[in-house]
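S.K.: Data file data-v3.cif (mmCIF, C-alpha atoms) is appended below.
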data_query
#
loop_
_atom_site.label_atom_id
_atom_site.label_comp_id
_atom_site.auth_asym_id
_atom_site.auth_seq_id
_atom_site.Cartn_x
_atom_site.Cartn_y
_atom_site.Cartn_z
CA MET A 1 20.75 10.42 -2.69
CA PRO A 2 21.27 14.20 -2.65
CA GLY A 3 18.30 16.36 -3.47
CA THR A 4 15.63 13.81 -2.57
CA PRO A 5 14.72 14.39 1.06
CA LEU A 6 12.50 11.74 2.59
CA PRO A 7 10.78 11.80 5.96
CA ASP A 8 12.74 10.31 8.81
CA SER A 9 12.39 6.54 8.96
CA THR A 10 10.16 5.20 11.67
CA MET A 11 10.01 1.97 13.65
CA VAL A 12 8.53 -0.93 11.68
CA ILE A 13 6.31 -3.67 13.08
CA SER A 14 5.89 -6.95 11.17
CA ALA A 15 3.56 -9.91 11.55
CA LYS A 16 4.05 -13.28 9.85
CA PRO A 17 2.66 -15.58 8.82
CA VAL A 18 -0.79 -14.08 8.58
CA VAL A 19 -2.88 -16.83 6.99
CA LEU A 20 -5.67 -16.16 4.51
CA SER A 21 -8.04 -18.96 3.64
CA ALA A 22 -7.57 -20.02 0.00
CA PRO A 23 -10.06 -22.68 -1.09
CA GLY A 24 -8.97 -24.51 -4.22
CA ARG A 25 -5.33 -23.46 -3.88
CA GLY A 26 -4.22 -26.52 -1.93
CA GLU A 27 -2.38 -24.35 0.60
CA ASP A 28 -3.71 -21.42 2.57
CA LEU A 29 -1.98 -18.17 1.64
CA GLN A 30 0.74 -16.97 4.00
CA VAL A 31 1.42 -13.23 4.10
CA ARG A 32 3.91 -11.01 5.87
CA VAL A 33 2.53 -7.64 6.94
CA SER A 34 4.96 -4.79 7.68
CA ALA A 35 3.88 -1.33 8.74
CA PRO A 36 5.21 1.76 10.48
CA ALA A 37 4.50 1.79 14.18
CA THR A 38 2.97 5.26 13.97
CA GLY A 39 1.06 7.41 11.50
CA GLY A 40 -2.28 7.23 9.77
CA ASP A 41 -3.73 7.18 6.24
CA LEU A 42 -1.01 4.69 5.32
CA PRO A 43 -0.85 3.66 1.64
CA VAL A 44 -0.49 -0.02 0.72
CA VAL A 45 2.07 -1.86 -1.42
CA VAL A 46 1.40 -5.50 -2.33
CA PHE A 47 4.69 -7.14 -3.34
CA SER A 48 5.06 -10.25 -5.52
CA HIS A 49 8.36 -12.10 -5.07
CA GLY A 50 10.54 -13.63 -7.77
CA PHE A 51 10.70 -17.36 -8.52
CA GLY A 52 11.39 -19.50 -5.46
CA TRP A 53 11.34 -16.68 -2.91
CA SER A 54 8.79 -16.08 -0.15
CA MET A 55 7.30 -13.47 2.16
CA ASN A 56 10.67 -13.44 3.94
CA GLY A 57 12.61 -12.02 0.97
CA TYR A 58 13.24 -8.55 -0.40
CA ALA A 59 13.94 -6.94 2.97
CA PRO A 60 15.97 -4.11 1.36
CA LEU A 61 12.77 -2.87 -0.28
CA ALA A 62 9.98 -4.09 2.00
CA ASP A 63 11.58 -2.86 5.22
CA PHE A 64 12.53 0.46 3.67
CA TRP A 65 9.06 1.12 2.26
CA ALA A 66 7.46 0.27 5.58
CA ALA A 67 9.86 2.59 7.42
CA GLN A 68 8.87 5.32 4.97
CA GLY A 69 5.17 5.06 5.73
CA PHE A 70 3.76 2.22 3.61
CA VAL A 71 1.93 -0.93 4.66
CA VAL A 72 3.79 -3.68 2.79
CA LEU A 73 2.00 -6.96 2.14
CA GLN A 74 4.13 -9.91 0.95
CA PRO A 75 2.37 -13.16 0.01
CA THR A 76 4.26 -16.44 -0.38
CA HIS A 77 3.42 -17.86 -3.81
CA LEU A 78 3.19 -21.59 -4.54
CA ASP A 79 6.56 -21.68 -6.33
CA SER A 80 8.33 -20.70 -3.09
CA ARG A 81 11.18 -22.97 -2.05
CA THR A 82 9.69 -22.85 1.45
CA LEU A 83 6.72 -24.90 0.19
CA GLY A 84 8.70 -27.44 -1.83
CA LEU A 85 6.08 -28.26 -4.47
CA PRO A 86 7.41 -31.02 -6.73
CA ALA A 87 7.71 -30.21 -10.43
CA ASP A 88 5.02 -32.77 -11.26
CA ASP A 89 2.49 -31.21 -8.88
CA PRO A 90 -0.76 -30.80 -10.83
CA ARG A 91 -0.85 -27.12 -9.88
CA THR A 92 2.53 -26.35 -11.45
CA PRO A 93 1.26 -25.39 -14.94
CA ARG A 94 -1.16 -22.92 -13.34
CA ILE A 95 1.16 -21.38 -10.74
CA TRP A 96 1.29 -18.17 -12.77
CA ARG A 97 -2.50 -17.90 -12.38
CA PHE A 98 -2.40 -18.77 -8.69
CA ARG A 99 0.15 -15.98 -8.26
CA ILE A 100 -2.26 -13.41 -9.68
CA GLU A 101 -5.06 -14.78 -7.52
CA ASP A 102 -2.75 -14.47 -4.50
CA LEU A 103 -2.40 -10.72 -5.03
CA LYS A 104 -6.14 -10.29 -5.40
CA ARG A 105 -6.74 -12.43 -2.31
CA VAL A 106 -4.41 -10.13 -0.35
CA LEU A 107 -6.48 -7.13 -1.42
CA ASP A 108 -9.69 -8.97 -0.55
CA GLY A 109 -8.25 -9.87 2.86
CA LEU A 110 -7.17 -6.40 3.97
CA ASP A 111 -9.41 -6.56 7.04
CA VAL A 112 -7.68 -9.71 8.31
CA LEU A 113 -4.22 -8.41 7.43
CA GLU A 114 -4.82 -5.05 9.07
CA ALA A 115 -6.03 -6.72 12.25
CA SER A 116 -2.91 -8.89 12.46
CA VAL A 117 -0.58 -6.07 13.46
CA PRO A 118 -1.28 -4.60 16.88
CA GLY A 119 -2.34 -0.99 16.57
CA LEU A 120 -2.65 -0.98 12.77
CA ALA A 121 -6.45 -1.10 12.60
CA GLY A 122 -7.95 2.09 11.23
CA ARG A 123 -4.63 3.47 9.97
CA VAL A 124 -4.67 2.03 6.43
CA ASP A 125 -5.77 4.09 3.43
CA ARG A 126 -7.67 1.59 1.27
CA GLY A 127 -7.89 4.12 -1.56
CA ARG A 128 -4.12 4.29 -2.09
CA VAL A 129 -2.94 0.85 -3.22
CA ALA A 130 0.04 -0.07 -5.39
CA VAL A 131 1.50 -3.37 -6.55
CA ALA A 132 5.16 -4.16 -7.04
CA GLY A 133 7.19 -7.19 -8.01
CA HIS A 134 10.57 -8.48 -9.11
CA SER A 135 11.22 -10.76 -12.09
CA TRP A 136 8.33 -13.28 -12.25
CA GLY A 137 6.72 -11.22 -9.53
CA ALA A 138 6.81 -8.18 -11.79
CA GLN A 139 4.87 -10.07 -14.47
CA THR A 140 2.41 -11.18 -11.80
CA ALA A 141 1.94 -7.61 -10.60
CA SER A 142 1.65 -6.25 -14.15
CA THR A 143 -1.58 -8.15 -14.78
CA LEU A 144 -3.29 -6.12 -12.07
CA LEU A 145 -2.11 -3.01 -13.93
CA GLY A 146 -3.77 -4.22 -17.14
CA ALA A 147 -1.15 -6.39 -18.88
CA ARG A 148 -2.50 -9.59 -20.40
CA VAL A 149 -1.07 -12.94 -21.43
CA LEU A 150 -1.25 -13.96 -25.11
CA ASP A 151 -2.31 -17.47 -26.04
CA SER A 152 -0.49 -19.63 -28.58
CA ASP A 153 -2.33 -17.83 -31.40
CA GLY A 154 -1.35 -14.40 -30.10
CA VAL A 155 -4.82 -13.59 -28.76
CA PRO A 156 -4.86 -11.65 -25.48
CA GLY A 157 -6.24 -13.59 -22.52
CA GLU A 158 -8.69 -12.29 -19.98
CA ASP A 159 -8.44 -8.88 -18.38
CA MET A 160 -7.18 -9.41 -14.82
CA SER A 161 -6.65 -5.74 -13.97
CA ASP A 162 -7.86 -4.52 -10.59
CA PRO A 163 -9.41 -1.07 -10.15
CA ARG A 164 -8.22 -0.97 -6.53
CA VAL A 165 -4.63 -0.69 -7.76
CA LYS A 166 -3.57 2.86 -8.61
CA ALA A 167 0.12 2.38 -9.48
CA GLY A 168 2.88 -0.19 -9.90
CA VAL A 169 6.64 -0.74 -9.66
CA LEU A 170 7.90 -3.46 -12.01
CA LEU A 171 11.48 -4.55 -11.34
CA ALA A 172 13.44 -6.60 -13.91
CA MET A 173 10.29 -7.69 -15.71
CA ALA A 174 10.46 -9.97 -18.76
CA GLY A 175 9.74 -8.48 -22.16
CA LEU A 176 7.78 -9.68 -25.16
CA GLY A 177 7.32 -13.39 -25.80
CA ASP A 178 8.41 -13.07 -29.44
CA ASP A 179 12.00 -13.16 -28.23
CA LEU A 180 11.93 -16.23 -26.00
CA THR A 181 14.40 -19.08 -26.33
CA PRO A 182 13.00 -22.46 -27.46
CA PHE A 183 13.22 -23.71 -23.86
CA ALA A 184 11.15 -20.80 -22.59
CA VAL A 185 8.58 -21.20 -25.37
CA GLU A 186 8.12 -24.86 -24.46
CA HIS A 187 8.18 -24.64 -20.67
CA LEU A 188 6.95 -21.11 -19.89
CA PRO A 189 3.99 -20.45 -22.20
CA PHE A 190 2.63 -17.76 -19.85
CA MET A 191 5.69 -15.58 -20.65
CA ARG A 192 3.92 -13.98 -23.58
CA PRO A 193 2.78 -10.65 -22.15
CA SER A 194 0.86 -7.98 -23.98
CA PHE A 195 1.37 -4.48 -22.59
CA ASP A 196 -1.12 -2.75 -24.92
CA THR A 197 -3.75 -2.45 -22.17
CA MET A 198 -1.39 -1.85 -19.21
CA THR A 199 -2.83 1.60 -18.62
CA THR A 200 -2.25 2.02 -14.86
CA PRO A 201 0.73 4.29 -14.07
CA ALA A 202 3.93 2.37 -13.37
CA LEU A 203 7.67 2.67 -12.88
CA ILE A 204 9.61 0.05 -14.83
CA VAL A 205 13.16 -0.70 -13.64
CA ALA A 206 15.70 -2.43 -15.89
CA GLY A 207 19.40 -3.19 -15.54
CA ASP A 208 21.52 -2.48 -18.60
CA ARG A 209 23.56 -5.66 -17.96
CA ASP A 210 20.62 -7.94 -17.22
CA GLY A 211 21.10 -10.76 -19.71
CA SER A 212 18.39 -13.43 -19.51
CA ALA A 213 18.83 -17.08 -20.45
CA LEU A 214 15.14 -17.04 -21.43
CA SER A 215 15.48 -14.41 -24.14
CA THR A 216 17.31 -14.25 -27.45
CA ARG A 217 17.71 -10.49 -26.97
CA GLY A 218 19.99 -8.51 -24.71
CA PRO A 219 19.21 -6.38 -21.66
CA ASP A 220 16.92 -4.06 -23.65
CA TRP A 221 14.34 -6.90 -23.49
CA PHE A 222 13.58 -5.73 -19.95
CA THR A 223 12.57 -2.29 -21.22
CA ASP A 224 9.66 -3.72 -23.28
CA PRO A 225 7.06 -3.13 -20.52
CA TYR A 226 7.85 0.58 -20.84
CA THR A 227 8.23 0.74 -24.62
CA HIS A 228 5.05 -1.19 -25.45
CA SER A 229 2.63 0.10 -22.82
CA PRO A 230 0.44 3.23 -23.02
CA GLY A 231 1.59 6.50 -21.49
CA ASN A 232 2.01 7.61 -17.88
CA LYS A 233 4.98 5.32 -17.41
CA SER A 234 8.54 5.94 -16.29
CA LEU A 235 11.62 3.83 -17.02
CA LEU A 236 14.62 3.70 -14.70
CA THR A 237 17.63 2.12 -16.37
CA LEU A 238 20.31 1.18 -13.84
CA PHE A 239 23.87 1.28 -15.14
CA GLY A 240 25.83 -1.92 -14.58
CA ALA A 241 22.86 -3.68 -12.98
CA GLU A 242 22.13 -7.34 -13.53
CA HIS A 243 18.95 -9.23 -12.60
CA SER A 244 19.16 -8.65 -8.84
CA LEU A 245 19.52 -4.90 -9.45
CA GLY A 246 22.32 -4.62 -6.91
CA GLY A 247 20.84 -6.98 -4.32
CA ILE A 248 17.14 -6.29 -3.76
CA PRO A 249 16.17 -9.94 -3.01
CA GLY A 250 18.10 -9.74 0.25
CA TYR A 251 21.34 -8.95 1.96
CA GLU A 252 24.22 -11.30 1.04
CA VAL A 253 22.06 -13.70 -0.97
CA ALA A 254 23.81 -16.10 -3.31
CA GLU A 255 21.95 -15.19 -6.48
CA THR A 256 23.04 -11.55 -6.38
CA THR A 257 25.69 -11.25 -9.09
CA ASP A 258 26.03 -7.47 -9.02
CA GLU A 259 26.07 -6.56 -5.33
CA SER A 260 25.97 -2.78 -4.93
CA PRO A 261 24.71 -1.10 -1.76
CA ALA A 262 24.72 2.24 -3.61
CA ARG A 263 22.47 0.85 -6.35
CA VAL A 264 20.07 -0.62 -3.79
CA ALA A 265 20.00 2.70 -1.91
CA LEU A 266 19.15 4.54 -5.12
CA LEU A 267 16.34 2.06 -5.81
CA GLN A 268 15.00 2.44 -2.29
CA HIS A 269 14.80 6.20 -2.63
CA LEU A 270 13.50 6.35 -6.20
CA THR A 271 10.81 3.69 -5.74
CA THR A 272 9.65 5.37 -2.53
CA ALA A 273 9.49 8.76 -4.22
CA TYR A 274 7.65 7.28 -7.20
CA LEU A 275 5.08 5.43 -5.09
CA ARG A 276 4.49 8.45 -2.90
CA GLY A 277 3.95 10.68 -5.94
CA ALA A 278 1.73 8.18 -7.74
CA LEU A 279 -0.50 7.66 -4.71
CA HIS A 280 -0.44 11.30 -3.53
CA PRO A 281 -0.62 13.44 -6.71
CA GLY A 282 0.37 16.61 -4.86
CA ASP A 283 3.69 15.14 -3.70
CA THR A 284 6.71 16.61 -5.50
CA GLY A 285 9.35 14.15 -4.29
CA TRP A 286 9.46 12.16 -7.53
CA LYS A 287 10.06 15.25 -9.62
CA ALA A 288 12.85 16.30 -7.27
CA ALA A 289 14.38 12.81 -7.41
CA VAL A 290 14.40 12.82 -11.21
CA ILE A 291 16.10 16.22 -11.31
CA ALA A 292 18.67 15.11 -8.72
CA LEU A 293 19.56 12.04 -10.80
CA GLU A 294 19.85 14.14 -13.96
CA GLU A 295 22.19 16.57 -12.18
CA ASP A 296 24.32 13.87 -10.55
CA PRO A 297 27.84 14.11 -12.04
CA ASP A 298 28.32 10.34 -11.68
CA PRO A 299 24.82 8.87 -11.97
CA LEU A 300 23.97 5.23 -11.31
CA GLY A 301 21.13 5.32 -13.82
CA LYS A 302 18.82 7.40 -15.97
CA ILE A 303 15.06 8.04 -16.02
CA GLU A 304 12.75 8.67 -18.94
CA SER A 305 9.00 9.18 -18.82
CA LYS A 306 6.03 9.34 -21.14
#
I need this file expressed as structure tokens, please.

M.R.:
Amino acid sequence: MPGTPLPDSTMVISAKPVVLSAPGRGEDLQVRVSAPATGGDLPVVVFSHGFGWSMNGYAPLADFWAAQGFVVLQPTHLDSRTLGLPADDPRTPRIWRFRIEDLKRVLDGLDVLEASVPGLAGRVDRGRVAVAGHSWGAQTASTLLGARVLDSDGVPGEDMSDPRVKAGVLLAMAGLGDDLTPFAVEHLPFMRPSFDTMTTPALIVAGDRDGSALSTRGPDWFTDPYTHSPGNKSLLTLFGAEHSLGGIPGYEVAETTDESPARVALLQHLTTAYLRGALHPGDTGWKAAVIALEEDPDPLGKIESK
């Protein structure tokens, strides 16, 4: 993307599975750790995958972020197809809670994760931590930013925010539960977010052709996390993008309905610039990226901030 220079990419080293003990979960937590081979004071991104995916997904983002200087931590949640939990598993109704606990367990286990990659020890900046996620993973990540889940009476549930997390990137995240289809209301009661207390800075990314079978509204449903949360948020609306946002779950994956290498490249650059600016307040790359997009004669999206 013109006008948004990024440092040269560096070699990435990955380790998987790194196993964290998880009493009460029924399965120990498997994590993929990716990091640049060189450099110090490396910020951290904990990434929560969408439904059915695993630590092996989302290479277009995870590999790019790592090559740009981030330590990327990808847990495999219990809904992953790689684990094959049956629908009647007693943990199924609480998988959304286990997902949140997975992200916190990753943060608690930074010592183990750091030690898993040869040469990484001592190079991680524990004070610069962000969370990111796609689809269900975005809702999971949002709770660490301060979002809550409403109960059947509309009362906000417990505060699961985490002070270690300084910023977030929420990709194709579901909107308010008032607009769910009857199926979603019955089967997905946790999809009733409240963004009123989501105070941590975040970039929300929505596709303007992302129509969800779970919502009675159109693609603007995915802008709710921006519209209904307190300030210090930015919204990137991608033109022509559907739920995979051009193909971020992986290269040539079947569920991508809107494959666009250019859209993915834009997302790679903008999310990197945002994370870098949010975790290093003196960095001007995000501001430059926003201006470049505004001045692009044929833009792939638009950004607004508050």

S.K.: Report as a PyMOL selection string the residues that result from applying the PyMOL selection byres ((chain A and resi 118) around 10) to the structure here.

M.R.: chain A and resi 13-15+37+114-117+119-121

S.K.: Give me, please, the distance in Å between CA of Phe183 in chain A and CA of Gly211 in chain A, quoted to one decimal.

M.R.: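 Between CA of Phe183 in chain A and CA of Gly211 in chain A the gap is 15.7 Å.
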
S.K.: Have a look at A:Asp178, A:Asp111, A:Asp196, A:Asp125 and name the one nearest to Ser142 in chain A; count only C-alpha atoms.

M.R.: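 Ranking A:Asp178, A:Asp111, A:Asp196, A:Asp125 by distance to Ser142 in chain A, first place goes to A:Asp196.
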
S.K.: Pick out the closest residue to Ala262 in chain A from this set: A:Val71, A:Ala66, A:Val131, A:Ala241. Count all atoms listed in the file.

M.R.: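 Closest candidate: A:Ala241.
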
S.K.: So which residues get picked by the PyMOL selection byres ((chain A and resi 141) around 9) here, written as JSON, numbers by chain?

M.R.: {"A": [46, 47, 48, 99, 100, 103, 131, 132, 133, 134, 136, 137, 138, 139, 140, 142, 143, 144, 145, 147, 168, 169, 170]}

S.K.: Rank A:Arg128, A:His269, A:Lys104, A:Lys306 by their smallest atom-to-atom distance to Leu61 in chain A, using all atoms listed in the file, and report the top residue only.

M.R.: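 That would be A:His269, the residue with the smallest distance to Leu61 in chain A.
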
S.K.: If you apply the PyMOL selection byres ((chain A and resi 231) around 9) to this file, what residues do you get, as a ChimeraX atom specification?

M.R.: /A:199-201,226,229-230,232-234,305-306

S.K.: Using Å and a single decimal, report how far CA of Pro261 in chain A sits from CA of Leu300 in chain A.

M.R.: 11.5 Å
